[in-house]
Each structure stands twice: as C-alpha cells, then as structure tokens.
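Inspection log for the structure reproduced underneath, given as structure tokens.
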Amino acid sequence: MKILVTGALGFIGSNITERLVKDGHEVTALDNLHTGSEENVSSVKNKIKIIKASAGDIAKLDERFDAIIHQGVYSSSPMYKDNPHLTAKAIDEWISILEYARKNSTKIVFASSSSLYNGNNPPHKEDMPILVKDYYTEARYAMERMAKLYSDLYGVQSVGLRYFSVYGPHEKSKGKYANLITQFLWEMKAGRQPVILGDGKQTRDFVYVDDVVEANMLALNYKKHDFFNVGTGKSVTITDMVSILAKKLNSPIKPKYEPNRIKNYVQHTLADTSKAASLLGFRAKVSLEDGISRLIKSY
Ligand SMILES: NC(=O)c1ccc[n+]([C@@H]2O[C@H](COP(=O)([O-])OP(=O)(O)OC[C@H]3O[C@@H](n4cnc5c(N)ncnc54)[C@H](O)[C@@H]3O)[C@@H](O)[C@H]2O)c1
C-alpha cells in the first residue's frame, strides 16, 4: 500500500514507519520536526520519502495515498497548557486530513489517547463518558468526534487508537516528554535517583511500542470506523516499575519521593482490552519485564 505517516520522525511514528517498510509498503513521512528527529528513521531513510511540513499541509500534496497513519499531533499535555492555541491547530490540521481522505477515499488510522478517561475509575472502557479536564484531552476528544462526523456524513473510514502509556526505542528526541520508564532508565544509567511524585502507589498501564505498532497494522485492515483501547490490561505501581528497572540494571539506586503538586494528576490508568481483542484481534504480547529488558538494550 502507499501510506502517508504523519509524525513519522517521532517515537511511535518512526517505529510504525520501520514496520511498514519491512512489510513492503511505500511510505511517505510527513513531520514538522517539533519533537521528531531524522535519526529515528535512519535505518530506513533510503527507502522512504520525507516531507518536512505540518500535518495540515496535506492539502498541498498532489499525490494519492491508500492510507494515512496520523501520529503528527503535538504529543503532550503540558505543551497545550503552555500554548492553548495548539488545541485549535490539532483540530484544524485534523480536518485537513479528513478532507483529504474524503476526496481521495483514503483510509485513516489515528493516535488518540487514554487521557480521555481522566476522571473515570479504571478499568477504562471505550464507552465511558469523556470528562474533559485539560486542553490536550479536548483536542483528542474533538478529533474523535470529527472522525465520527466524517464517517456519518461521508463514510470516511477512520480508526482511532487510544494509546495508554507507551514506551520503547526512539524516545530520545522527546526529551522531558518521554515515557516515565524511559526517563527513569536514563536517570538511573546516569547514576541519579529517579524522582517519584507522591507515594509511588499510582498505577499505569504501560504498553511496549511494538504492541502499539501491531495495533496500527490491525487497524489498517479494519473496515469500519471505530475507536479502540491500546493497552495491556495490566497495571503496575510506579514504585514496582522502578524496582523492575533496578533489578534489570543490577543497580542499587533507590527512587526519591517528592510531594506531587500537579493539578488533576491521574492516579490510575488501566485499559479494558476486551473490545480491541474481540473486534480488532489485538492483544498486547510484550510483558513489562520483557519490555524493560528490550528498552535497556536500545538505549
Ligand atoms: N507516547 C505515548 O504514551 C502516547 C500516549 C497517548 C497518545 N499518544 C499520541 O501518539 C502520537 C505520537 O506520539 P509519540 O509518543 O510518538 O510522540 P512524539 O512527540 O515522539 O511524536 C510526534 C511526532 O509528530 C511530529 N509533529 C507534532 N506536531 C506536528 C504537526 N502539527 N505536523 C506534523 N508533525 C507534527 C513531531 O515532530 C513528532 O515527530 C501523538 O499524537 C501523541 O499525542 C502518545
């Protein structure tokens, strides 16, 4: 297939791009380099076309793609708090993608987020009410609603994937926005104590990036419009996650606990994976222990 990947130079987008190339697809990578880096696609750079532009610039492309995998959205909640106008930009660029898909009969798979469940008790299920508590979530919620609208009005086939906490190779260019496991790994490798906010009993559903890539591949072949959780269905406390890291690194370093002053902090995340399993055939395969071993090898 001829596939456009937005955000292809970022963490998840570059892992998706590598997989698509391996599977024999023709890939065009579109990225504005906000948090992305060409280094992330160095293994496939001679096999893909790279366009340095914003996702909304899709309207200027004089080319037809069979599918778009849309990861190219400002990727972290604090970015939106610093600049609330990013909310409008994310939605506006999304409309450009939906318009392109409508005119070209292009299938879309797009990144959504488990942050939509903030304020709901776990396990988090796709039909829970969405309680918007920050700009980032508003952008994602509006994007999902627009996707449904374009499906209802024009039959545009899009699949939204609500990623939980994704970790894996190619997070370096995300810096302070990288996953907690990866940031803690970098701290411990540098001989520093990882700082846990609060008592460390908060829990996360951490999902390894290879599983997220697999969910995208399954979604490419899904013939209807829908939304799915992409998580493992298991959660771990932050303190236990650091213990696994320390054990795997053979490190005596212990975490440091500091008061958590973040407003609307999410205490627990956990995906209900039943819908993705039954309709998409997706089940995360990489355990946290295995994922952390792979992570350590990659950095
Ligand atoms: N990593 C996670 O745990 C997680 C969880 C939930 C949702 N998501 C979503 O998944 C997507 C990918 O996230 P990631 O973790 O790979 O982050 P990332 O920051 O590494 O990737 C985003 C990529 O998109 C590019 N980009 C940003 N805005 C763009 C724009 N307007 N036009 C074109 N390119 C743009 C960036 O330069 C970067 O390469 C994002 O939409 C993110 O919000 C990620």
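Following the order of the structure tokens, first chain is A, next is B, and so on, with residues numbered from 1 inside each chain and ligands from 1 in the order they appear.
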Q.
Distance limit 7 Å, reference ligand 1, atoms considered: only C-alpha atoms and all ligand atoms. Which residues make the cut? Give them as number ranges by chain.
A. A: 6-13, 30-37, 53-56, 71-76, 90, 93, 111-114, 162-167, 171, 173-174, 179
Residue list (alpha helix (DSSP H), DSSP) for range 19-76 of chain A, as a PDB file with C-alpha atoms, in the first residue's frame:
```pdb
ATOM      1  CA  ARG A  19       7.458  -1.855  10.347  1.00  0.00           C
ATOM      2  CA  LEU A  20       5.634  -0.608   7.216  1.00  0.00           C
ATOM      3  CA  VAL A  21       8.894  -0.594   5.226  1.00  0.00           C
ATOM      4  CA  LYS A  22       9.700  -4.102   6.481  1.00  0.00           C
TER       5      LYS A  22
END
```
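Excluding Gly119 in chain A and any residue on its chain fewer than 5 positions from it, the residues at most 9 Å away by only C-alpha atoms are Ile130, Leu131, Val132, Lys133, Asn264 and Val266 of chain A.
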8 Å contact set for Ile238 in chain A, only C-alpha atoms, chain neighbours under 6 positions out, as a PDB file with C-alpha atoms, in the first residue's frame:
```
ATOM      1  CA  ILE A 196       8.618   9.762  42.055  1.00  0.00           C
ATOM      2  CA  GLY A 200       4.553   5.785  44.291  1.00  0.00           C
ATOM      3  CA  LYS A 201       1.311   3.838  44.615  1.00  0.00           C
ATOM      4  CA  GLN A 202      -0.157   5.420  41.493  1.00  0.00           C
ATOM      5  CA  THR A 203      -0.518   2.856  38.698  1.00  0.00           C
ATOM      6  CA  ARG A 204      -0.064   2.867  34.915  1.00  0.00           C
TER       7      ARG A 204
END
```
Q: Figure out the distance between CA of Trp186 in chain A and CA of Asn250 in chain A, please, to one decimal in Å.
A: 14.3 Å
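Compared by their closest atoms to Ala246 in chain A, and using only C-alpha atoms, the residues A:Glu187, A:Gln267, A:Asn229, A:Lys223 rank with A:Glu187 nearest.
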Q: Write out as a VMD selection string each polymer residue whose atoms come within 7 Å of range 146-159 of chain A, counting only C-alpha atoms; drop sequence neighbours fewer than 6 positions from it.
A: chain A and resid 101 to 102 107 to 110 219 224 to 227
Q | Length of the CA of Pro122 in chain A to CA of His268 in chain A vector [Å] | A | 6.9 Å
I need the residues of range 158-239 of chain A that end up classed as strand (DSSP E) by DSSP on the backbone, written out as an mmCIF file with all heavy atoms, in the first residue's frame.
```cif
data_model
loop_
_atom_site.group_PDB
_atom_site.id
_atom_site.type_symbol
_atom_site.label_atom_id
_atom_site.label_comp_id
_atom_site.auth_asym_id
_atom_site.auth_seq_id
_atom_site.Cartn_x
_atom_site.Cartn_y
_atom_site.Cartn_z
ATOM 1 N N SER A 158 -12.172 5.738 9.469
ATOM 2 C CA SER A 158 -11.029 6.029 10.343
ATOM 3 C C SER A 158 -11.120 5.175 11.596
ATOM 4 O O SER A 158 -12.208 4.873 12.073
ATOM 5 C CB SER A 158 -11.010 7.509 10.722
ATOM 6 O OG SER A 158 -12.138 7.827 11.507
ATOM 7 N N VAL A 159 -9.963 4.791 12.081
ATOM 8 C CA VAL A 159 -9.891 4.030 13.331
ATOM 9 C C VAL A 159 -9.027 4.820 14.307
ATOM 10 O O VAL A 159 -7.879 5.150 13.998
ATOM 11 C CB VAL A 159 -9.275 2.623 13.103
ATOM 12 C CG1 VAL A 159 -9.161 1.878 14.433
ATOM 13 C CG2 VAL A 159 -10.115 1.825 12.118
ATOM 14 N N GLY A 160 -9.594 5.157 15.464
ATOM 15 C CA GLY A 160 -8.846 5.889 16.496
ATOM 16 C C GLY A 160 -8.306 4.907 17.524
ATOM 17 O O GLY A 160 -9.034 4.026 17.989
ATOM 18 N N LEU A 161 -7.030 5.055 17.828
ATOM 19 C CA LEU A 161 -6.411 4.145 18.803
ATOM 20 C C LEU A 161 -6.062 4.935 20.067
ATOM 21 O O LEU A 161 -5.248 5.859 20.011
ATOM 22 C CB LEU A 161 -5.161 3.495 18.196
ATOM 23 C CG LEU A 161 -5.422 2.620 16.954
ATOM 24 C CD1 LEU A 161 -4.111 2.092 16.383
ATOM 25 C CD2 LEU A 161 -6.373 1.464 17.262
ATOM 26 N N ARG A 162 -6.717 4.576 21.151
ATOM 27 C CA ARG A 162 -6.463 5.271 22.423
ATOM 28 C C ARG A 162 -5.281 4.604 23.127
ATOM 29 O O ARG A 162 -5.445 3.622 23.851
ATOM 30 C CB ARG A 162 -7.716 5.218 23.300
ATOM 31 C CG ARG A 162 -8.884 6.005 22.717
ATOM 32 C CD ARG A 162 -10.110 5.911 23.605
ATOM 33 N NE ARG A 162 -11.208 6.695 23.041
ATOM 34 C CZ ARG A 162 -12.456 6.683 23.521
ATOM 35 N NH1 ARG A 162 -12.754 5.942 24.579
ATOM 36 N NH2 ARG A 162 -13.394 7.424 22.961
ATOM 37 N N TYR A 163 -4.096 5.158 22.850
ATOM 38 C CA TYR A 163 -2.874 4.597 23.435
ATOM 39 C C TYR A 163 -2.858 4.853 24.935
ATOM 40 O O TYR A 163 -3.165 5.962 25.383
ATOM 41 C CB TYR A 163 -1.627 5.283 22.867
ATOM 42 C CG TYR A 163 -1.428 5.205 21.375
ATOM 43 C CD1 TYR A 163 -0.651 6.175 20.742
ATOM 44 C CD2 TYR A 163 -1.964 4.187 20.590
ATOM 45 C CE1 TYR A 163 -0.422 6.145 19.377
ATOM 46 C CE2 TYR A 163 -1.739 4.142 19.225
ATOM 47 C CZ TYR A 163 -0.972 5.128 18.623
ATOM 48 O OH TYR A 163 -0.734 5.101 17.276
ATOM 49 N N SER A 165 0.106 4.107 28.181
ATOM 50 C CA SER A 165 1.429 4.704 28.406
ATOM 51 C C SER A 165 2.477 3.953 27.589
ATOM 52 O O SER A 165 2.900 2.863 27.984
ATOM 53 C CB SER A 165 1.714 4.589 29.906
ATOM 54 O OG SER A 165 2.351 5.696 30.366
ATOM 55 N N VAL A 166 2.894 4.536 26.476
ATOM 56 C CA VAL A 166 3.747 3.809 25.520
ATOM 57 C C VAL A 166 5.231 4.071 25.800
ATOM 58 O O VAL A 166 5.635 5.225 25.981
ATOM 59 C CB VAL A 166 3.422 4.231 24.065
ATOM 60 C CG1 VAL A 166 4.099 3.286 23.074
ATOM 61 C CG2 VAL A 166 1.919 4.290 23.812
ATOM 62 N N TYR A 167 6.041 3.001 25.791
ATOM 63 C CA TYR A 167 7.490 3.147 25.984
ATOM 64 C C TYR A 167 8.228 2.278 24.971
ATOM 65 O O TYR A 167 7.659 1.302 24.446
ATOM 66 C CB TYR A 167 7.892 2.769 27.425
ATOM 67 C CG TYR A 167 7.690 1.309 27.760
ATOM 68 C CD1 TYR A 167 8.772 0.428 27.857
ATOM 69 C CD2 TYR A 167 6.407 0.781 27.945
ATOM 70 C CE1 TYR A 167 8.584 -0.919 28.149
ATOM 71 C CE2 TYR A 167 6.217 -0.570 28.224
ATOM 72 C CZ TYR A 167 7.306 -1.411 28.331
ATOM 73 O OH TYR A 167 7.117 -2.741 28.601
ATOM 74 N N VAL A 195 12.968 10.489 40.422
ATOM 75 C CA VAL A 195 12.081 11.187 41.362
ATOM 76 C C VAL A 195 10.642 10.754 41.120
ATOM 77 O O VAL A 195 10.089 10.947 40.031
ATOM 78 C CB VAL A 195 12.213 12.724 41.205
ATOM 79 C CG1 VAL A 195 11.210 13.432 42.116
ATOM 80 C CG2 VAL A 195 13.634 13.161 41.523
ATOM 81 N N ILE A 196 10.020 10.165 42.142
ATOM 82 C CA ILE A 196 8.618 9.762 42.055
ATOM 83 C C ILE A 196 7.779 10.822 42.758
ATOM 84 O O ILE A 196 8.059 11.202 43.903
ATOM 85 C CB ILE A 196 8.398 8.387 42.718
ATOM 86 C CG1 ILE A 196 9.147 7.300 41.939
ATOM 87 C CG2 ILE A 196 6.909 8.056 42.806
ATOM 88 C CD1 ILE A 196 8.995 5.893 42.511
ATOM 89 N N LEU A 197 6.764 11.324 42.071
ATOM 90 C CA LEU A 197 5.872 12.316 42.682
ATOM 91 C C LEU A 197 4.783 11.579 43.470
ATOM 92 O O LEU A 197 4.143 10.670 42.948
ATOM 93 C CB LEU A 197 5.228 13.196 41.611
ATOM 94 C CG LEU A 197 6.201 14.019 40.775
ATOM 95 C CD1 LEU A 197 5.437 14.853 39.738
ATOM 96 C CD2 LEU A 197 7.053 14.946 41.657
ATOM 97 N N THR A 203 -0.757 3.973 39.628
ATOM 98 C CA THR A 203 -0.518 2.856 38.698
ATOM 99 C C THR A 203 -0.695 3.294 37.243
ATOM 100 O O THR A 203 -1.455 4.218 36.944
ATOM 101 C CB THR A 203 -1.491 1.684 38.973
ATOM 102 O OG1 THR A 203 -2.835 2.172 38.900
ATOM 103 C CG2 THR A 203 -1.253 1.067 40.334
ATOM 104 N N ARG A 204 0.019 2.594 36.351
ATOM 105 C CA ARG A 204 -0.064 2.867 34.915
ATOM 106 C C ARG A 204 -0.153 1.562 34.140
ATOM 107 O O ARG A 204 0.455 0.568 34.521
ATOM 108 C CB ARG A 204 1.192 3.625 34.423
ATOM 109 C CG ARG A 204 1.333 5.050 34.930
ATOM 110 C CD ARG A 204 0.320 5.982 34.280
ATOM 111 N NE ARG A 204 0.369 7.328 34.839
ATOM 112 C CZ ARG A 204 -0.333 7.741 35.889
ATOM 113 N NH1 ARG A 204 -1.143 6.924 36.524
ATOM 114 N NH2 ARG A 204 -0.258 8.993 36.319
ATOM 115 N N PHE A 206 1.366 0.309 31.187
ATOM 116 C CA PHE A 206 2.474 0.586 30.275
ATOM 117 C C PHE A 206 2.441 -0.410 29.116
ATOM 118 O O PHE A 206 2.406 -1.629 29.340
ATOM 119 C CB PHE A 206 3.815 0.434 30.995
ATOM 120 C CG PHE A 206 4.096 1.500 32.021
ATOM 121 C CD1 PHE A 206 4.111 1.193 33.374
ATOM 122 C CD2 PHE A 206 4.371 2.815 31.639
ATOM 123 C CE1 PHE A 206 4.397 2.175 34.331
ATOM 124 C CE2 PHE A 206 4.654 3.804 32.587
ATOM 125 C CZ PHE A 206 4.672 3.478 33.937
ATOM 126 N N VAL A 207 2.483 0.104 27.892
ATOM 127 C CA VAL A 207 2.422 -0.788 26.725
ATOM 128 C C VAL A 207 3.659 -0.559 25.844
ATOM 129 O O VAL A 207 4.034 0.586 25.561
ATOM 130 C CB VAL A 207 1.073 -0.614 25.960
ATOM 131 C CG1 VAL A 207 0.807 0.830 25.560
ATOM 132 C CG2 VAL A 207 0.975 -1.525 24.755
ATOM 133 N N TYR A 208 4.301 -1.656 25.464
ATOM 134 C CA TYR A 208 5.529 -1.562 24.671
ATOM 135 C C TYR A 208 5.204 -1.161 23.225
ATOM 136 O O TYR A 208 4.184 -1.581 22.665
ATOM 137 C CB TYR A 208 6.266 -2.912 24.686
ATOM 138 C CG TYR A 208 7.670 -2.817 24.158
ATOM 139 C CD1 TYR A 208 8.660 -2.131 24.860
ATOM 140 C CD2 TYR A 208 8.014 -3.389 22.941
ATOM 141 C CE1 TYR A 208 9.954 -2.025 24.369
ATOM 142 C CE2 TYR A 208 9.309 -3.292 22.440
ATOM 143 C CZ TYR A 208 10.268 -2.600 23.165
ATOM 144 O OH TYR A 208 11.551 -2.485 22.675
ATOM 145 N N ASP A 226 -14.182 3.189 14.001
ATOM 146 C CA ASP A 226 -14.360 2.839 15.422
ATOM 147 C C ASP A 226 -13.170 3.341 16.249
ATOM 148 O O ASP A 226 -12.200 3.873 15.692
ATOM 149 C CB ASP A 226 -14.501 1.315 15.591
ATOM 150 C CG ASP A 226 -15.481 0.964 16.713
ATOM 151 O OD1 ASP A 226 -15.634 1.803 17.626
ATOM 152 O OD2 ASP A 226 -16.071 -0.125 16.673
ATOM 153 N N PHE A 227 -13.266 3.141 17.556
ATOM 154 C CA PHE A 227 -12.186 3.524 18.493
ATOM 155 C C PHE A 227 -11.823 2.321 19.349
ATOM 156 O O PHE A 227 -12.723 1.580 19.764
ATOM 157 C CB PHE A 227 -12.662 4.632 19.449
ATOM 158 C CG PHE A 227 -13.186 5.826 18.746
ATOM 159 C CD1 PHE A 227 -14.549 6.042 18.651
ATOM 160 C CD2 PHE A 227 -12.323 6.734 18.154
ATOM 161 C CE1 PHE A 227 -15.041 7.148 17.977
ATOM 162 C CE2 PHE A 227 -12.805 7.832 17.476
ATOM 163 C CZ PHE A 227 -14.169 8.043 17.388
ATOM 164 N N PHE A 228 -10.538 2.176 19.640
ATOM 165 C CA PHE A 228 -10.106 1.039 20.457
ATOM 166 C C PHE A 228 -9.037 1.452 21.467
ATOM 167 O O PHE A 228 -8.152 2.269 21.144
ATOM 168 C CB PHE A 228 -9.492 -0.054 19.562
ATOM 169 C CG PHE A 228 -10.450 -0.621 18.567
ATOM 170 C CD1 PHE A 228 -10.401 -0.214 17.238
ATOM 171 C CD2 PHE A 228 -11.407 -1.547 18.951
ATOM 172 C CE1 PHE A 228 -11.291 -0.731 16.306
ATOM 173 C CE2 PHE A 228 -12.302 -2.066 18.027
ATOM 174 C CZ PHE A 228 -12.248 -1.661 16.705
ATOM 175 N N ASN A 229 -9.091 0.833 22.631
ATOM 176 C CA ASN A 229 -8.001 0.991 23.596
ATOM 177 C C ASN A 229 -6.781 0.209 23.122
ATOM 178 O O ASN A 229 -6.917 -0.901 22.602
ATOM 179 C CB ASN A 229 -8.408 0.404 24.956
ATOM 180 C CG ASN A 229 -9.386 1.298 25.697
ATOM 181 O OD1 ASN A 229 -9.503 2.476 25.387
ATOM 182 N ND2 ASN A 229 -10.073 0.740 26.685
ATOM 183 N N VAL A 230 -5.607 0.798 23.335
ATOM 184 C CA VAL A 230 -4.368 0.071 23.066
ATOM 185 C C VAL A 230 -3.544 0.083 24.351
ATOM 186 O O VAL A 230 -2.796 1.020 24.647
ATOM 187 C CB VAL A 230 -3.597 0.693 21.876
ATOM 188 C CG1 VAL A 230 -2.262 -0.016 21.669
ATOM 189 C CG2 VAL A 230 -4.433 0.590 20.611
ATOM 190 N N VAL A 236 0.751 -1.434 36.861
ATOM 191 C CA VAL A 236 1.820 -1.623 37.850
ATOM 192 C C VAL A 236 2.009 -0.311 38.609
ATOM 193 O O VAL A 236 1.775 0.765 38.034
ATOM 194 C CB VAL A 236 3.121 -2.071 37.115
ATOM 195 C CG1 VAL A 236 3.628 -0.982 36.197
ATOM 196 C CG2 VAL A 236 4.222 -2.474 38.084
ATOM 197 N N THR A 237 2.399 -0.384 39.875
ATOM 198 C CA THR A 237 2.670 0.865 40.597
ATOM 199 C C THR A 237 4.000 1.429 40.091
ATOM 200 O O THR A 237 4.871 0.678 39.612
ATOM 201 C CB THR A 237 2.771 0.669 42.128
ATOM 202 O OG1 THR A 237 3.936 -0.108 42.402
ATOM 203 C CG2 THR A 237 1.537 0.008 42.711
#
```
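Closest approach to Ser235 in chain A among A:Pro123, A:Pro252, A:Gly281, A:Gly198 is made by A:Pro123 (distances from only C-alpha atoms).
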Q: Skip Thr232 in chain A itself and residues of its chain fewer than 5 positions away, then list as a list in words all residues within 7 Å of it, counting only C-alpha atoms.
A: Asp205, Val207, Ala271 and Ala284 of chain A
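Closest approach to Gly24 in chain A among A:Met188, A:Met1, A:Ile50, A:Val41: A:Met1, based on only C-alpha atoms.
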Q) Quick one, how far is CA of Ile95 in chain A from CA of Ala67 in chain A? A) 15.7 Å
Which neighbours of Lys45 in chain A fall inside 12 Å, counting only C-alpha atoms, when residues of the same chain fewer than 2 positions from it are skipped, and could you give them as a short mmCIF file (atom, residue, chain, number, x, y, z; two decimals) with N, CA, C and O atoms, in the first residue's frame?
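File written: selection13.cif
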```cif
data_model
loop_
_atom_site.label_atom_id
_atom_site.label_comp_id
_atom_site.auth_asym_id
_atom_site.auth_seq_id
_atom_site.Cartn_x
_atom_site.Cartn_y
_atom_site.Cartn_z
N ALA A 8 6.04 10.85 11.50
CA ALA A 8 6.85 9.65 11.25
C ALA A 8 8.27 9.74 11.82
O ALA A 8 8.95 8.73 11.92
N LEU A 9 8.71 10.96 12.15
CA LEU A 9 10.06 11.09 12.70
C LEU A 9 10.03 11.10 14.24
O LEU A 9 11.03 11.28 14.90
N SER A 14 7.97 6.62 14.04
CA SER A 14 9.16 6.02 13.42
C SER A 14 9.14 4.50 13.59
O SER A 14 9.58 3.76 12.70
N THR A 17 6.80 3.38 10.96
CA THR A 17 7.44 3.51 9.64
C THR A 17 8.38 2.34 9.36
O THR A 17 8.35 1.74 8.28
N GLU A 18 9.19 1.99 10.36
CA GLU A 18 10.12 0.85 10.18
C GLU A 18 9.35 -0.42 9.85
O GLU A 18 9.73 -1.20 8.97
N VAL A 21 7.86 -0.35 6.24
CA VAL A 21 8.89 -0.59 5.23
C VAL A 21 9.23 -2.08 5.19
O VAL A 21 9.31 -2.70 4.12
N VAL A 27 6.28 4.19 1.82
CA VAL A 27 5.97 5.13 2.90
C VAL A 27 6.45 6.55 2.61
O VAL A 27 7.60 6.77 2.22
N THR A 28 5.55 7.51 2.82
CA THR A 28 5.94 8.92 2.83
C THR A 28 5.81 9.41 4.27
O THR A 28 4.77 9.20 4.91
N ALA A 29 6.88 10.02 4.77
CA ALA A 29 6.91 10.50 6.15
C ALA A 29 6.72 12.01 6.16
O ALA A 29 7.47 12.74 5.51
N SER A 37 12.89 13.51 15.01
CA SER A 37 14.29 13.62 14.57
C SER A 37 14.51 12.62 13.44
O SER A 37 14.00 11.49 13.50
N GLU A 38 15.30 13.03 12.44
CA GLU A 38 15.57 12.13 11.31
C GLU A 38 16.34 10.88 11.76
O GLU A 38 16.27 9.84 11.13
N GLU A 39 17.05 11.03 12.88
CA GLU A 39 17.80 9.89 13.43
C GLU A 39 16.86 8.70 13.69
O GLU A 39 17.27 7.55 13.58
N ASN A 40 15.62 9.00 14.05
CA ASN A 40 14.66 7.92 14.37
C ASN A 40 14.34 7.03 13.17
O ASN A 40 13.90 5.90 13.35
N VAL A 41 14.54 7.54 11.97
CA VAL A 41 14.24 6.71 10.78
C VAL A 41 15.53 6.38 10.01
O VAL A 41 15.47 6.01 8.83
N SER A 42 16.69 6.49 10.69
CA SER A 42 17.95 6.30 9.98
C SER A 42 18.05 4.90 9.34
O SER A 42 18.64 4.74 8.29
N SER A 43 17.41 3.90 9.95
CA SER A 43 17.53 2.53 9.41
C SER A 43 16.77 2.36 8.09
O SER A 43 17.02 1.41 7.35
N LYS A 47 14.73 4.32 2.02
CA LYS A 47 13.57 3.60 1.46
C LYS A 47 12.28 4.39 1.60
O LYS A 47 11.22 3.92 1.20
N ILE A 48 12.35 5.58 2.21
CA ILE A 48 11.11 6.37 2.39
C ILE A 48 11.32 7.78 1.82
O ILE A 48 12.45 8.22 1.62
N LYS A 49 10.18 8.45 1.61
CA LYS A 49 10.26 9.86 1.19
C LYS A 49 9.93 10.70 2.43
O LYS A 49 8.97 10.38 3.15
N ILE A 50 10.75 11.73 2.69
CA ILE A 50 10.50 12.55 3.88
C ILE A 50 10.05 13.95 3.46
O ILE A 50 10.70 14.60 2.63
N ILE A 51 8.92 14.39 4.01
CA ILE A 51 8.45 15.77 3.76
C ILE A 51 8.45 16.50 5.09
O ILE A 51 7.79 16.05 6.05
#
```
Q | Nearest residue to Pro194 in chain A from the set A:Thr182, A:Thr269, A:Ser278, A:Asn46 (distances using only C-alpha atoms) | A | A:Thr182
